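Have a look at coords21.txt below; it lists compact mmCIF, C-alpha atoms.
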# COMPACT_ATOMS: atom_id res chain seq x y z
CA MET A 13 -163.35 -15.79 -31.20
CA SER A 14 -164.29 -19.42 -31.79
CA PRO A 15 -165.95 -21.32 -28.90
CA ALA A 16 -163.01 -23.76 -28.73
CA LEU A 17 -160.51 -20.90 -28.43
CA THR A 18 -162.64 -19.17 -25.79
CA LYS A 19 -162.80 -22.41 -23.85
CA SER A 20 -159.05 -22.97 -23.86
CA LEU A 21 -158.45 -19.29 -23.01
CA ASN A 22 -160.77 -19.69 -20.03
CA ALA A 23 -158.86 -22.80 -18.98
CA ILE A 24 -155.51 -20.99 -19.27
CA CYS A 25 -156.83 -18.05 -17.22
CA ALA A 26 -158.22 -20.37 -14.56
CA TRP A 27 -154.93 -22.26 -14.37
CA ILE A 28 -152.80 -19.08 -14.09
CA ASP A 29 -155.21 -17.73 -11.50
CA GLN A 30 -154.59 -20.59 -9.04
CA THR A 31 -150.77 -20.59 -9.32
CA PRO A 32 -148.94 -19.48 -6.16
CA LEU A 33 -147.37 -16.51 -8.02
CA SER A 34 -150.76 -15.23 -9.20
CA GLN A 35 -152.18 -15.67 -5.70
CA ALA A 36 -149.24 -13.78 -4.22
CA ILE A 37 -149.72 -10.86 -6.63
CA GLN A 38 -153.46 -10.80 -5.93
CA VAL A 39 -153.02 -10.43 -2.17
CA THR A 40 -150.14 -7.91 -2.30
CA ASN A 41 -151.92 -4.74 -3.31
CA TRP A 42 -148.86 -2.59 -4.06
CA VAL A 43 -147.51 -4.94 -6.75
CA VAL A 44 -149.82 -3.93 -9.60
CA PRO A 45 -149.45 -0.13 -9.23
CA ALA A 46 -145.67 -0.49 -8.79
CA VAL A 47 -145.34 -2.74 -11.83
CA GLN A 48 -147.60 -0.44 -13.86
CA THR A 49 -145.33 2.49 -12.96
CA VAL A 50 -142.27 0.64 -14.30
CA HIS A 51 -144.30 -0.39 -17.36
CA ILE A 52 -145.29 3.24 -18.09
CA LEU A 53 -141.70 4.45 -17.60
CA ALA A 54 -140.42 1.87 -20.09
CA ILE A 55 -143.16 2.93 -22.53
CA ALA A 56 -142.00 6.53 -22.06
CA VAL A 57 -138.52 5.56 -23.27
CA VAL A 58 -139.82 3.47 -26.20
CA ALA A 59 -142.46 5.97 -27.37
CA SER A 60 -140.15 8.99 -27.12
CA SER A 61 -137.34 7.19 -28.94
CA ALA A 62 -139.76 6.12 -31.68
CA LEU A 63 -141.04 9.72 -31.82
CA MET A 64 -137.52 11.06 -32.41
CA ILE A 65 -136.92 8.54 -35.22
CA ASP A 66 -140.29 9.36 -36.78
CA LEU A 67 -139.70 13.12 -36.57
CA ARG A 68 -136.33 12.61 -38.26
CA LEU A 69 -138.01 10.61 -41.04
CA ILE A 70 -140.51 13.43 -41.49
CA GLY A 71 -137.59 15.84 -41.52
CA VAL A 72 -138.25 18.10 -38.52
CA PHE A 73 -135.76 16.65 -36.01
CA TRP A 74 -131.97 16.27 -36.45
CA ALA A 75 -132.47 16.96 -40.16
CA ASP A 76 -128.78 17.89 -40.41
CA ARG A 77 -127.73 14.41 -39.29
CA PRO A 78 -127.63 11.15 -41.27
CA MET A 79 -130.36 8.62 -40.52
CA LYS A 80 -127.69 6.16 -39.42
CA ASP A 81 -126.68 8.37 -36.45
CA VAL A 82 -130.29 8.94 -35.44
CA LEU A 83 -131.04 5.21 -35.49
CA SER A 84 -127.88 4.27 -33.61
CA ARG A 85 -128.87 6.73 -30.86
CA PHE A 86 -132.56 5.88 -30.59
CA LEU A 87 -133.24 2.36 -31.93
CA PRO A 88 -131.62 0.56 -28.96
CA PHE A 89 -133.99 2.59 -26.75
CA VAL A 90 -136.94 1.20 -28.72
CA TRP A 91 -135.80 -2.45 -28.66
CA TRP A 92 -134.21 -3.01 -25.23
CA PRO A 93 -136.95 -1.56 -22.96
CA LEU A 94 -139.30 -4.06 -24.63
CA LEU A 95 -137.73 -6.68 -22.34
CA ILE A 96 -138.89 -4.65 -19.32
CA LEU A 97 -142.29 -4.18 -20.93
CA PHE A 98 -142.73 -7.91 -21.55
CA ALA A 99 -141.58 -8.74 -18.00
CA THR A 100 -143.85 -6.19 -16.29
CA GLY A 101 -146.67 -7.05 -18.70
CA ALA A 102 -146.28 -10.73 -17.79
CA ILE A 103 -146.53 -9.91 -14.08
CA MET A 104 -149.78 -8.01 -14.70
CA ILE A 105 -151.17 -10.90 -16.77
CA ILE A 106 -150.24 -13.45 -14.11
CA GLY A 107 -151.85 -11.28 -11.42
CA GLU A 108 -155.08 -10.76 -13.35
CA PRO A 109 -155.18 -13.28 -16.24
CA ALA A 110 -158.84 -13.01 -17.24
CA ARG A 111 -158.86 -9.23 -16.94
CA SER A 112 -156.05 -9.03 -19.50
CA LEU A 113 -156.01 -12.06 -21.81
CA LYS A 114 -159.79 -12.04 -22.40
CA ASN A 115 -159.91 -8.26 -22.73
CA PRO A 116 -160.60 -6.89 -26.24
CA ALA A 117 -158.46 -3.81 -25.48
CA PHE A 118 -155.54 -6.08 -24.52
CA GLN A 119 -155.99 -8.22 -27.63
CA LEU A 120 -156.07 -5.08 -29.79
CA LYS A 121 -152.96 -3.77 -28.01
CA MET A 122 -151.00 -6.96 -28.78
CA THR A 123 -152.07 -6.82 -32.44
CA LEU A 124 -150.97 -3.19 -32.67
CA LEU A 125 -147.71 -4.06 -30.93
CA VAL A 126 -146.87 -6.68 -33.56
CA ALA A 127 -147.59 -4.08 -36.27
CA ALA A 128 -145.44 -1.44 -34.51
CA LEU A 129 -142.54 -3.88 -34.17
CA ILE A 130 -142.80 -4.74 -37.87
CA VAL A 131 -142.79 -1.03 -38.81
CA THR A 132 -139.77 -0.42 -36.54
CA GLY A 133 -138.01 -3.39 -38.11
CA LEU A 134 -138.84 -2.03 -41.56
CA ILE A 135 -137.28 1.35 -40.73
CA GLN A 136 -134.13 -0.46 -39.59
CA PHE A 137 -134.18 -2.68 -42.70
CA PHE A 138 -134.68 0.24 -45.13
CA GLN A 139 -131.77 2.13 -43.60
CA ARG A 140 -129.45 -0.87 -43.80
CA ARG A 141 -130.39 -1.68 -47.39
CA ASP A 142 -130.15 1.95 -48.52
CA THR A 143 -127.80 4.11 -46.44
CA LYS A 144 -129.33 7.23 -47.96
CA PHE A 145 -132.83 6.27 -46.69
CA GLY A 146 -134.42 9.35 -45.17
CA ASP A 147 -131.70 11.57 -46.64
CA LEU A 148 -133.41 14.96 -46.95
CA SER A 149 -131.15 16.14 -49.81
CA ARG A 150 -132.98 13.63 -52.00
CA GLY A 151 -136.06 15.80 -52.14
CA PRO A 152 -139.53 14.26 -51.69
CA HIS A 153 -139.43 11.33 -49.31
CA ALA A 154 -142.97 9.99 -49.26
CA GLY A 155 -141.85 6.49 -48.25
CA ALA A 156 -140.01 7.71 -45.16
CA VAL A 157 -142.91 9.96 -44.13
CA THR A 158 -145.39 7.11 -44.59
CA VAL A 159 -143.55 4.72 -42.27
CA ALA A 160 -143.07 7.57 -39.77
CA ILE A 161 -146.79 8.31 -39.66
CA ALA A 162 -147.60 4.59 -39.37
CA SER A 163 -145.16 4.32 -36.45
CA LEU A 164 -146.58 7.41 -34.68
CA ALA A 165 -150.14 6.18 -35.11
CA LEU A 166 -149.33 2.66 -33.92
CA TRP A 167 -147.39 3.64 -30.79
CA SER A 168 -150.09 6.18 -29.82
CA ALA A 169 -152.81 3.57 -30.36
CA ILE A 170 -150.86 1.06 -28.23
CA ILE A 171 -150.79 3.54 -25.33
CA PHE A 172 -154.52 4.25 -25.75
CA ALA A 173 -155.38 0.54 -25.90
CA GLY A 174 -153.25 -0.05 -22.81
CA ARG A 175 -155.24 2.50 -20.83
CA TRP A 176 -158.52 1.08 -22.12
CA ILE A 177 -157.72 -2.37 -20.69
CA ALA A 178 -158.82 -0.90 -17.36
CA TYR A 179 -162.20 0.15 -18.80
CA TYR A 180 -163.03 -3.09 -20.61
CA ALA A 181 -162.35 -5.20 -17.53
CA MET B 15 -162.95 28.67 2.86
CA GLU B 16 -162.14 30.29 -0.46
CA ILE B 17 -160.32 27.28 -1.92
CA ALA B 18 -163.05 24.84 -0.93
CA ARG B 19 -165.63 27.11 -2.54
CA ALA B 20 -163.58 27.40 -5.71
CA LEU B 21 -163.21 23.61 -5.92
CA GLY B 22 -166.93 23.15 -5.34
CA TRP B 23 -167.66 25.65 -8.10
CA LEU B 24 -165.14 24.00 -10.46
CA GLN B 25 -166.79 20.59 -10.31
CA THR B 26 -170.21 22.05 -11.10
CA THR B 27 -169.08 23.79 -14.28
CA PRO B 28 -170.65 22.34 -17.45
CA VAL B 29 -167.34 20.85 -18.66
CA ALA B 30 -166.64 19.18 -15.31
CA LYS B 31 -170.16 17.77 -15.10
CA ALA B 32 -169.97 16.48 -18.66
CA ILE B 33 -166.74 14.60 -17.82
CA SER B 34 -168.06 13.10 -14.58
CA GLU B 35 -171.43 12.12 -16.05
CA ASN B 36 -170.23 10.73 -19.38
CA GLU B 37 -168.70 7.25 -19.23
CA ILE B 38 -166.57 7.60 -22.35
CA LEU B 39 -165.14 11.08 -21.88
CA PHE B 40 -162.93 10.37 -18.86
CA PRO B 41 -161.11 7.35 -20.39
CA TRP B 42 -160.41 9.30 -23.57
CA ILE B 43 -159.05 12.31 -21.68
CA GLU B 44 -157.04 9.96 -19.47
CA SER B 45 -155.56 8.20 -22.51
CA VAL B 46 -154.42 11.52 -23.98
CA HIS B 47 -153.00 12.42 -20.56
CA VAL B 48 -150.98 9.17 -20.43
CA LEU B 49 -149.71 9.65 -24.00
CA ALA B 50 -148.67 13.22 -23.17
CA ILE B 51 -146.97 12.39 -19.87
CA VAL B 52 -145.15 9.47 -21.46
CA LEU B 53 -143.69 11.89 -24.01
CA VAL B 54 -142.85 14.47 -21.34
CA VAL B 55 -140.92 11.93 -19.28
CA GLY B 56 -139.34 10.20 -22.26
CA THR B 57 -138.10 13.36 -23.97
CA ILE B 58 -136.82 14.87 -20.73
CA SER B 59 -134.84 11.69 -20.12
CA ILE B 60 -133.10 12.23 -23.49
CA VAL B 61 -131.74 15.53 -22.14
CA ASP B 62 -131.01 14.02 -18.72
CA LEU B 63 -128.99 11.18 -20.23
CA ARG B 64 -126.94 13.75 -22.18
CA LEU B 65 -126.32 15.75 -18.98
CA LEU B 66 -125.19 12.53 -17.29
CA GLY B 67 -122.76 11.84 -20.12
CA VAL B 68 -124.56 8.62 -21.08
CA ALA B 69 -126.19 9.20 -24.50
CA SER B 70 -126.34 11.68 -27.44
CA LEU B 71 -122.73 12.61 -26.58
CA ASP B 72 -122.05 13.69 -30.16
CA ARG B 73 -124.57 16.53 -29.79
CA ALA B 74 -123.82 19.73 -27.83
CA VAL B 75 -125.96 20.06 -24.70
CA SER B 76 -127.57 23.39 -25.61
CA ARG B 77 -128.20 22.17 -29.15
CA LEU B 78 -129.85 18.97 -27.90
CA MET B 79 -132.05 20.92 -25.48
CA HIS B 80 -133.06 23.20 -28.35
CA ASP B 81 -133.86 20.12 -30.51
CA VAL B 82 -135.84 18.15 -27.92
CA LEU B 83 -137.40 20.43 -25.30
CA PRO B 84 -140.03 22.05 -27.58
CA TYR B 85 -141.64 18.60 -27.84
CA THR B 86 -141.40 18.20 -24.08
CA TRP B 87 -143.19 21.51 -23.54
CA GLY B 88 -145.84 20.72 -26.15
CA ALA B 89 -146.57 17.42 -24.45
CA PHE B 90 -146.53 19.08 -21.01
CA VAL B 91 -149.18 21.61 -22.05
CA ILE B 92 -151.41 18.75 -23.26
CA ALA B 93 -150.78 16.80 -20.03
CA ALA B 94 -151.64 19.87 -17.94
CA ILE B 95 -154.87 20.59 -19.85
CA THR B 96 -156.07 16.97 -19.73
CA GLY B 97 -155.00 16.76 -16.08
CA LEU B 98 -157.00 19.86 -15.23
CA LEU B 99 -160.04 18.44 -17.05
CA MET B 100 -159.87 15.19 -15.03
CA PHE B 101 -159.30 17.17 -11.83
CA SER B 102 -162.32 19.37 -12.50
CA SER B 103 -164.63 16.34 -12.74
CA ASP B 104 -164.12 15.56 -9.04
CA ALA B 105 -162.15 18.54 -7.74
CA VAL B 106 -162.91 18.30 -4.00
CA ASN B 107 -161.92 14.63 -3.74
CA TYR B 108 -158.79 15.04 -5.86
CA ALA B 109 -157.72 18.00 -3.74
CA HIS B 110 -157.84 15.76 -0.66
CA ASN B 111 -156.06 12.82 -2.29
CA PHE B 112 -152.55 12.18 -0.94
CA PHE B 113 -151.10 11.15 -4.29
CA PHE B 114 -152.65 14.10 -6.11
CA ARG B 115 -151.16 16.53 -3.61
CA GLY B 116 -147.83 14.74 -3.77
CA LYS B 117 -147.85 14.89 -7.56
CA LEU B 118 -148.34 18.68 -7.46
CA VAL B 119 -145.42 19.02 -5.04
CA LEU B 120 -143.27 16.84 -7.33
CA LEU B 121 -144.21 18.97 -10.36
CA ALA B 122 -143.17 22.07 -8.42
CA LEU B 123 -139.87 20.34 -7.57
CA ALA B 124 -139.33 19.49 -11.23
CA GLY B 125 -139.89 23.13 -12.15
CA LEU B 126 -137.58 24.35 -9.40
CA ASN B 127 -134.85 21.91 -10.44
CA MET B 128 -135.17 23.07 -14.04
CA ALA B 129 -135.04 26.75 -13.03
CA VAL B 130 -131.96 26.23 -10.86
CA PHE B 131 -130.24 24.33 -13.67
CA HIS B 132 -131.02 26.97 -16.30
CA ILE B 133 -130.01 29.89 -14.06
CA VAL B 134 -127.02 28.41 -12.21
CA GLY B 135 -125.98 25.04 -13.65
CA ALA B 136 -126.18 25.95 -17.34
CA GLY B 137 -124.54 29.36 -16.95
CA ASP B 138 -121.23 28.07 -18.30
CA VAL B 139 -122.71 25.51 -20.69
CA ALA B 140 -120.79 27.12 -23.57
CA ARG B 141 -117.59 25.90 -21.89
CA TRP B 142 -118.54 22.24 -21.32
CA GLY B 143 -121.63 21.70 -23.51
CA ASN B 144 -119.60 20.38 -26.46
CA THR B 145 -117.65 17.88 -24.40
CA ARG B 146 -118.65 14.39 -23.38
CA GLN B 147 -117.72 15.10 -19.77
CA THR B 148 -120.31 17.13 -17.89
CA PRO B 149 -119.79 18.97 -14.59
CA LEU B 150 -121.25 17.79 -11.30
CA PRO B 151 -124.09 20.37 -11.08
CA ALA B 152 -125.36 19.25 -14.50
CA LYS B 153 -125.22 15.59 -13.44
CA ALA B 154 -127.01 16.45 -10.19
CA ALA B 155 -129.78 18.28 -12.07
CA ALA B 156 -130.19 15.28 -14.37
CA VAL B 157 -130.42 12.77 -11.49
CA ILE B 158 -132.94 14.95 -9.64
CA SER B 159 -134.97 15.35 -12.84
CA LEU B 160 -135.06 11.59 -13.48
CA LEU B 161 -136.01 10.78 -9.88
CA VAL B 162 -138.71 13.46 -9.76
CA TRP B 163 -140.31 12.41 -13.06
CA ILE B 164 -140.23 8.72 -12.09
CA SER B 165 -142.03 9.74 -8.89
CA VAL B 166 -144.56 11.82 -10.87
CA VAL B 167 -145.52 8.70 -12.83
CA ALA B 168 -145.68 6.60 -9.65
CA PHE B 169 -147.88 9.16 -7.89
CA GLY B 170 -150.07 9.44 -10.98
CA ARG B 171 -150.69 5.70 -10.78
CA GLY B 172 -151.29 6.14 -7.06
CA ILE B 173 -154.10 8.59 -7.86
CA GLY B 174 -155.65 6.06 -10.25
CA PHE B 175 -155.63 3.33 -7.61
CA THR B 176 -157.05 5.47 -4.78
CA MET B 177 -159.65 7.65 -6.53
CA HIS B 178 -162.10 5.23 -8.10

Write out the structure in this file as structure tokens.
Amino acid sequence: MSPALTKSLNAICAWIDQTPLSQAIQVTNWVVPAVQTVHILAIAVVASSALMIDLRLIGVFWADRPMKDVLSRFLPFVWWPLLILFATGAIMIIGEPARSLKNPAFQLKMTLLVAALIVTGLIQFFQRRDTKFGDLSRGPHAGAVTVAIASLALWSAIIFAGRWIAYYA
Amino acid sequence: MEIARALGWLQTTPVAKAISENEILFPWIESVHVLAIVLVVGTISIVDLRLLGVASLDRAVSRLMHDVLPYTWGAFVIAAITGLLMFSSDAVNYAHNFFFRGKLVLLALAGLNMAVFHIVGAGDVARWGNTRQTPLPAKAAAVISLLVWISVVAFGRGIGFTMH
């Protein structure tokens, strides 16, 4: 990171740190574990829903059902819990700004998150453009399997990076 | 006492010592544990939401369980193995930790709830499993399951915040 960026990041962290909300979180020791619990539960919903979509793309889950049905069941459970994840994530950042924002594991996690959201959006886009996307009767489906593997790898890596925030702090 | 001796022995085994002495091993095992437990809880909730009549209503209950639960069990086995590895690294202290003990009790409750549902609640699943409406015992099993697994995650975090 450039020195200028590091400097402004330090300033942002220092500013967040002295806000009343940050101070309140810092002195109330049950907040972080409670918020982390909600964060993990929301990740459970997102990761499992993404897993079901990916397994369908690979062809080992709900193979008898059209992709459209699989996405209408599971995609809302990928997108909507993200609101909870951003909210709980924000609380953790406000409580410990330097420990998160300046943390390489956190920065990696956010990069991976952007990639995972793009891949999820792509799956949605492919299905809308081509209603037979992921249709197993078509034979080889290398494209569908590729996005599925990318999605599985990204969501797993996000969970790993999330846990590693604690060890880089 | 026998248990205390067993715990003392466990944490001196080569695997346990490797985990407690190596800085990198524990975080990696813990990351796999989190990934596994996330999938356990998430996939179980898919079945629970069906039993509550909330989601996947166009899939028969027994069919959905057959589709989803193998992944739940696979993830559970990985969570149990990684959990045991972390436990072994500091067995005596974990065994005395309130949240660790509570988590074991909760896991037993989850198993009991599942057994009662499979033996009693799901006995007539052929009659209602294809319908959107589910009977009260099925809904009760789903609510208990959700509450217990939410608590398992909370207690797991509790262990993390009290053990290091």

Next on the checklist: Can you work out which residues from chain B touch chain A at a cut-off of 10 Å (counting all atoms listed in the file) and hand them back as a ChimeraX atom specification?
Outcome noted: /B:37-38,41-42,44-60,69-73,78,81-82,85-86,163-175

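Put simply, atom CA of Ala117 of chain A is 28.3 Å away from atom CA of Gln136 of chain A.
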
Item to check | Exercise: segment 29-32 of chain B partners within 9 Å, all atoms listed in the file, chain neighbours under 3 positions left out, as JSON, numbers by chain | outcome: {"B": [24, 25, 26, 35, 36, 39, 99, 100, 101, 102, 103, 104, 105]}

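Going from atom CA of Ile105 of chain A over to atom CA of Ile130 of chain A, you cover 23.5 Å.
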
Checklist entry - Could you work out how far atom CA of Ala156 of chain B lies from atom CA of Leu65 of chain B, giving the answer in Å with one decimal? => result 6.0 Å

Next on the checklist: I'd like the neighbourhood of Leu150 of chain B as a ChimeraX atom specification, where a residue qualifies if any of its atoms comes within 12 Å (using only C-alpha atoms), though same-chain residues fewer than 5 positions away should be ignored.
Outcome noted: /B:65-67,131,135-136,142,155-157

Next on the checklist: Quick one: residues within 10 Å of Ala74 of chain B, all atoms listed in the file, excluding same-chain residues fewer than 5 positions away - as a PyMOL selection string?
Outcome noted: chain B and resi 64+79-80+139-140+142-146

Item to check | Residues within 10 Å of (-137.8, 10.2, -37.0), counting all atoms listed in the file, listed as a VMD selection string | outcome: chain A and resid 61 to 75 79 82 to 83 86 135 146 156 to 157 159 to 161 163 to 164
